[in-house]
Amino acid sequence: MPTFCPNQLLKTVEGRRLSSPELASWRQWGPYLSERQWGTVREDYSPHGTAWDYLPHDHARSRAYRWGEDGIAGFGDDKLDWCISLALWNGHDPIIKERLFGLTNAEGNHGEDVKELYFYLDGTPTHSYMRMLYKYPHAAFPYADLVAENAARGADMPEYEVLDTGVFDDKRYFDVTVEYAKHGPDDIVMRITVENRGDMEASLDVLPQVWARNVWSWDTKLEKASMTIDEVDGEKRVHALHPTHAPMVVTASSSAAQPVEWIFCENETNVRRLFGSTGEGPFKDGFNDYLVAGREEAIRRDRGTRVGARVHFDLNAHGIATVYLRMRAAGPQWPAELDIDATIRRRQAEADEFYEVLQAGIENPDARLVQRQALAGMLWSKQFYQFDVARWLDGDPSQPKPPAARKRGRDSDWRHLSNADIVSMPDKWEYPWYASWDLAFQAAAFALVDPDFAKKQLLLLVKDRYLHPNGQIPAYEWALSDANPPVHAWAAWRVYEMDRVLTGKGDRDFLERIFHKLLLNFSWWVNRKDVDGHNIFQGGFLGLDNVGIFDRSSPLPTGGRIDQADGTAWMASYALDLMRIALELAEENAVFVDIGVKFFEHFLYIAEAVSRSDTCETGLWDESDQFFYDVLRLPDGNTVPMRVRSIVGLIPMFAVHVLEHRLHGHLPMLRERLKWFLMHRPDLAKLVSRWNEPKGGNQLLLSLLRGHRMKALLRRMLDESEFLSDYGVRALSRVHRDLPFEYHHNGNSFGVKYLPAESDSRVFGGNSNWRGPIWMPVNYLLIESLYEFHRYYGDDFKVEYPTGSGAKRSLKGVAGALSERLTRLFLLDKDGRRPVMAAYPLLQADPACRDLVLFHEYFHGDNGRGVGASHQTGWSGLIALLLQPRILTDVANVPAASQTAAEAEAVAP
């Protein structure tokens, strides 16, 4: 089978769009509508920040949102002036199904969780073609049952899922496939295909809908949108007028000539239902009241700001029906005949062509399917995100003033933050908001298919209206000031390298723009997270939630502070990433040599602090245990090593970089600056693994680990009785299953034990458990680090894999083996089952559902079952890179611009 050829990818129809001057036009419309706007911080105007309670699911159908919109299979323009989504009604539900349902953080026994069955199946980077599947039961959706049963279950019990309710038994449900295709950049067609999977007839109302996002209720100076209907030559057309958007026209039709009933309402809050006030409808919930209660007064027939094209079907057993909707720019050519099925076939063929070239090096058809769905999930999770914190805190002129306590509460020190952009989200239900370190990993995966979008995403978070004036990158809307691991520089370098592989040229403008902003962020870390100025960092929870015995984001019950092995290692890695970015920029501007050397020195200072002592009483390395631990520093000056054997102690492996003479040896003054530093600070030089033993005079290894420390960590990491699972590296050693770590203070006991899946406690993050499961991002970075170590040590350096097996592998071989274990999570096993889908036996047993894959937030440490957010393709989308392993090795061998062709050929893989 041929290997992936970047040049061929750019020659596909979709590839040409991605490099076309019209790219922005093709991206103007996309799947930018969230699946949940209710229960978010942005919509919360409560006195005490109780977002889940202020705007619950029961209010969502009746209340106009301030900052966004939501809907099933949503599509819209890049400002959500116009929104498109799907509504369904099976004749039994108490409400129509127009947005996804899930449990709030308090309702779920493991926190918030979507309770629906849906799958993202396909997509292209320009959204010229998108496809997803939603499964809708014949019977009433079990809302009350899901809430009641989960409320009755403790944190030590499994979650009660929608499949457990029995509502999908015997295939008594509809498969609803939604496809979007673009006839042109502003000509969108939607095809809804409904299949009755059951053996009995069942009825269904299908209601594609289009509406204008309500902005006029919050700012009375803004003109209201309008939609009206007329009929020309027997065809009904809806004219959509918006003050900031070109006029659009909407049409609809169905298979078997089923009649289309056009109904209208207003995208306005039902103040009568929610607040007992007087108000003139029809309101936002008009379609619901008309279909479910038969209330004709709840709708209009001729105008509104929300329109639905209702089609009713009585489907025989296994029957299939189709509804079409088209929304296009109005113009002198209207109406224009269009074969929608042919348009969709053409765009789907273009998607097939794009992925056929991209996946040319992947021999396993199932691996190609998994990679394509992983990328589809990421493409579907691009959302319009608007949040103006100052406006949110102060309130809108035409609305009641928010409680005064808000100005001292959540995010009150982020008044500068004003976002209104398309942003990559971890998912569209549980995370309808960006998370900074998630986004960094998402950008790395996006670079495989759309490096331009990946670069724009990374730059977005360091723009002035995102980045805090003090240099902090916003974490997420629930707590913008939380500290996520500083991986933005890593992501920028990774995206830069992958873009260079794809296009043949490094985008140094991007690299320099983001570098200048990252200098501010690095300074924030140094000034805010190194209490003593000794290059040992605290950081906070750093996204690892309950990995330790204390909540690392809150004041400690013991007083004092925790010096963090992971926080310090992240900063060492950050320094190395900024160093290599600076040296790359120095290829065209020698001024960056000075900055590169600065970060080289900063790395060594951190390395010296980490290795300051061979005893755990003052340092982070425990020589007796051969592991890195956090250290608790008590107010009386005593220190206590937190001997929790967790991923915290493996993160120092991330801080590794091979400095190669072939790439940077020609840079003016670099050699002299490094030589001077080594001569004057030999104490620092000798602390870094093999620093004074350049391999063949051409490579220098920068790492926090000396040789014996790296081997010691690998012995534990590759031990199947500790960290190594059949499906990757666990976040906590399994030794803590039988030997929990405990710490006693003032009569209180604090502990950590091995929990391979959901947490048995709601502390430190609820359902985000780091005490045993497998997490994709840290596994991915471990694999990358092993490849980097291998660049220095080569094939002759071998370690035992697995520990105790007697078999030896090179570090590259270990990296490949770990990658294979992670891909095993998603691929069909010998019994035709996917470990990640173990919680969905009804689907696994159905041949028609065998190819449906979910990408969970994390995975069971022993059996690989998907855990946490069920649709968080986000960083789990990194599997797309692991399924194409040459990507990991090729980017490390891209020649610098200054190399000659002969030199480049000599180092090519």
# chains A, B, ... in the order shown; residues from 1 in each chain; ligands from 1
>>> closest_atom_pairs(of="range 110-155 of chain A", to="range 767-771 of chain A", cutoff="9 Å", atoms="only C-alpha atoms", output="Markdown table")
| residue | atom | partner | partner_atom | distance |
| --- | --- | --- | --- | --- |
| A:His110 | CA | A:Asn767 | CA | 4.7 |
| A:Gly111 | CA | A:Asn767 | CA | 5.3 |
| A:Glu112 | CA | A:Asn767 | CA | 7.8 |
>>> residues_around(residues="range 594-602 of chain A", least_positions_apart="2", cutoff="7 Å", atoms="only C-alpha atoms", output="list of chain:residue names")
A:Ala575, A:Leu576, A:Leu578, A:Met579, A:Arg580, A:Ala582, A:Leu583, A:Val591, A:Phe592, A:Leu604, A:Tyr605, A:Ile606
>>> write_last_selection(atoms="C-alpha atoms", output="PDB file, in the first residue's frame")
ATOM      1  CA  ALA A 575      11.439  26.151  28.437  1.00  0.00           C
ATOM      2  CA  LEU A 576      12.681  23.544  25.945  1.00  0.00           C
ATOM      3  CA  LEU A 578      10.409  27.914  23.621  1.00  0.00           C
ATOM      4  CA  MET A 579      14.111  27.266  23.098  1.00  0.00           C
ATOM      5  CA  ARG A 580      13.578  25.239  19.959  1.00  0.00           C
ATOM      6  CA  ALA A 582      13.586  30.551  19.202  1.00  0.00           C
ATOM      7  CA  LEU A 583      16.335  28.627  17.438  1.00  0.00           C
ATOM      8  CA  VAL A 591      18.458  38.072  17.402  1.00  0.00           C
ATOM      9  CA  PHE A 592      16.499  34.998  18.469  1.00  0.00           C
ATOM     10  CA  LEU A 604      19.109  23.999  33.232  1.00  0.00           C
ATOM     11  CA  TYR A 605      18.150  26.018  36.295  1.00  0.00           C
ATOM     12  CA  ILE A 606      14.954  23.978  36.597  1.00  0.00           C
TER      13      ILE A 606
END
>>> residues_around(residues="Thr244 in chain A", least_positions_apart="2", cutoff="10 Å", atoms="only C-alpha atoms", output="number ranges by chain")
A: 79, 81, 222-223, 225, 241-242, 246-247
>>> residues_around(residues="Arg36 in chain A", least_positions_apart="2", cutoff="7 Å", atoms="only C-alpha atoms", output="list in words")
Ser34, Trp38, Asp70, Leu100, Lys428, Trp429 and Pro432 of chain A
>>> select_by_dssp(residues="range 274-334 of chain A", states="strand (DSSP E or B)", output="PyMOL selection string")
chain A and resi 300+303-304+306-315+320-329
>>> residues_around(residues="Tyr780 in chain A", least_positions_apart="4", cutoff="10 Å", atoms="only C-alpha atoms", output="short mmCIF file (atom, residue, chain, number, x, y, z; two decimals) with N, CA and C atoms, in the first residue's frame")
data_model
loop_
_atom_site.label_atom_id
_atom_site.label_comp_id
_atom_site.auth_asym_id
_atom_site.auth_seq_id
_atom_site.Cartn_x
_atom_site.Cartn_y
_atom_site.Cartn_z
N PHE A 441 -4.11 20.15 22.40
CA PHE A 441 -4.05 18.80 21.83
C PHE A 441 -4.97 18.69 20.62
N GLY A 728 -2.65 1.02 27.39
CA GLY A 728 -1.88 2.24 27.57
C GLY A 728 -1.35 2.35 28.99
N VAL A 729 -0.88 3.54 29.32
CA VAL A 729 -0.28 3.79 30.63
C VAL A 729 -1.34 4.38 31.55
N TRP A 775 -5.50 8.06 30.23
CA TRP A 775 -5.83 9.36 29.62
C TRP A 775 -4.98 9.53 28.36
N MET A 776 -5.64 9.87 27.27
CA MET A 776 -4.96 9.94 25.98
C MET A 776 -3.85 10.99 25.92
N GLU A 784 5.61 10.50 22.39
CA GLU A 784 6.47 11.49 21.73
C GLU A 784 7.83 11.58 22.40
N SER A 785 7.83 11.57 23.74
CA SER A 785 9.08 11.70 24.48
C SER A 785 9.99 10.52 24.22
N ALA A 815 7.85 2.96 22.13
CA ALA A 815 6.88 3.97 21.74
C ALA A 815 5.84 3.38 20.78
N LEU A 818 3.49 1.06 22.76
CA LEU A 818 2.50 1.81 23.54
C LEU A 818 1.41 2.37 22.63
N SER A 819 1.83 2.86 21.47
CA SER A 819 0.86 3.38 20.52
C SER A 819 -0.12 2.29 20.09
N LEU A 822 -2.74 1.73 22.75
CA LEU A 822 -3.76 2.77 22.77
C LEU A 822 -4.75 2.61 21.61
N TRP A 875 -9.32 15.72 23.01
CA TRP A 875 -7.95 15.20 23.04
C TRP A 875 -7.90 13.71 22.75
N SER A 876 -9.00 12.99 22.89
CA SER A 876 -8.99 11.59 22.46
C SER A 876 -8.86 11.49 20.95
N LEU A 878 -6.51 12.54 19.42
CA LEU A 878 -5.09 12.26 19.15
C LEU A 878 -4.89 10.85 18.61
N ILE A 879 -5.90 9.99 18.80
CA ILE A 879 -5.79 8.65 18.24
C ILE A 879 -5.62 8.71 16.73
N LEU A 881 -3.66 10.58 15.13
CA LEU A 881 -2.22 10.64 14.85
C LEU A 881 -1.55 9.31 15.15
N LEU A 882 -1.98 8.65 16.22
CA LEU A 882 -1.36 7.37 16.57
C LEU A 882 -1.68 6.29 15.55
#
>>> residues_around(residues="Glu280 in chain A", least_positions_apart="6", cutoff="9 Å", atoms="only C-alpha atoms", output="VMD selection string")
chain A and resid 270 to 272
>>> residues_around(residues="Asp719 in chain A", least_positions_apart="5", cutoff="7 Å", atoms="only C-alpha atoms", output="PyMOL selection string")
chain A and resi 724+802-803
>>> atom_distance(atom1="CA of Gln37 in chain A", atom2="CA of Asn214 in chain A")
13.3 Å
>>> closest_residue(among="A:Pro6, A:Gly361, A:Gly71, A:Pro259", to="Tyr32 in chain A", atoms="only C-alpha atoms")
A:Gly71
>>> closest_residue(among="A:Pro365, A:Gly102, A:Pro474, A:Pro137", to="Trp89 in chain A", atoms="only C-alpha atoms")
A:Pro137
>>> atom_distance(atom1="CA of Asp577 in chain A", atom2="CA of Ala590 in chain A")
18.0 Å
>>> select_by_dssp(residues="range 120-277 of chain A", states="helix (DSSP H, G or I)", output="ChimeraX atom specification")
/A:143-152,162-165,169-171,255-257,271-275
>>> atom_distance(atom1="CA of Tyr801 in chain A", atom2="CA of Arg716 in chain A")
10.7 Å
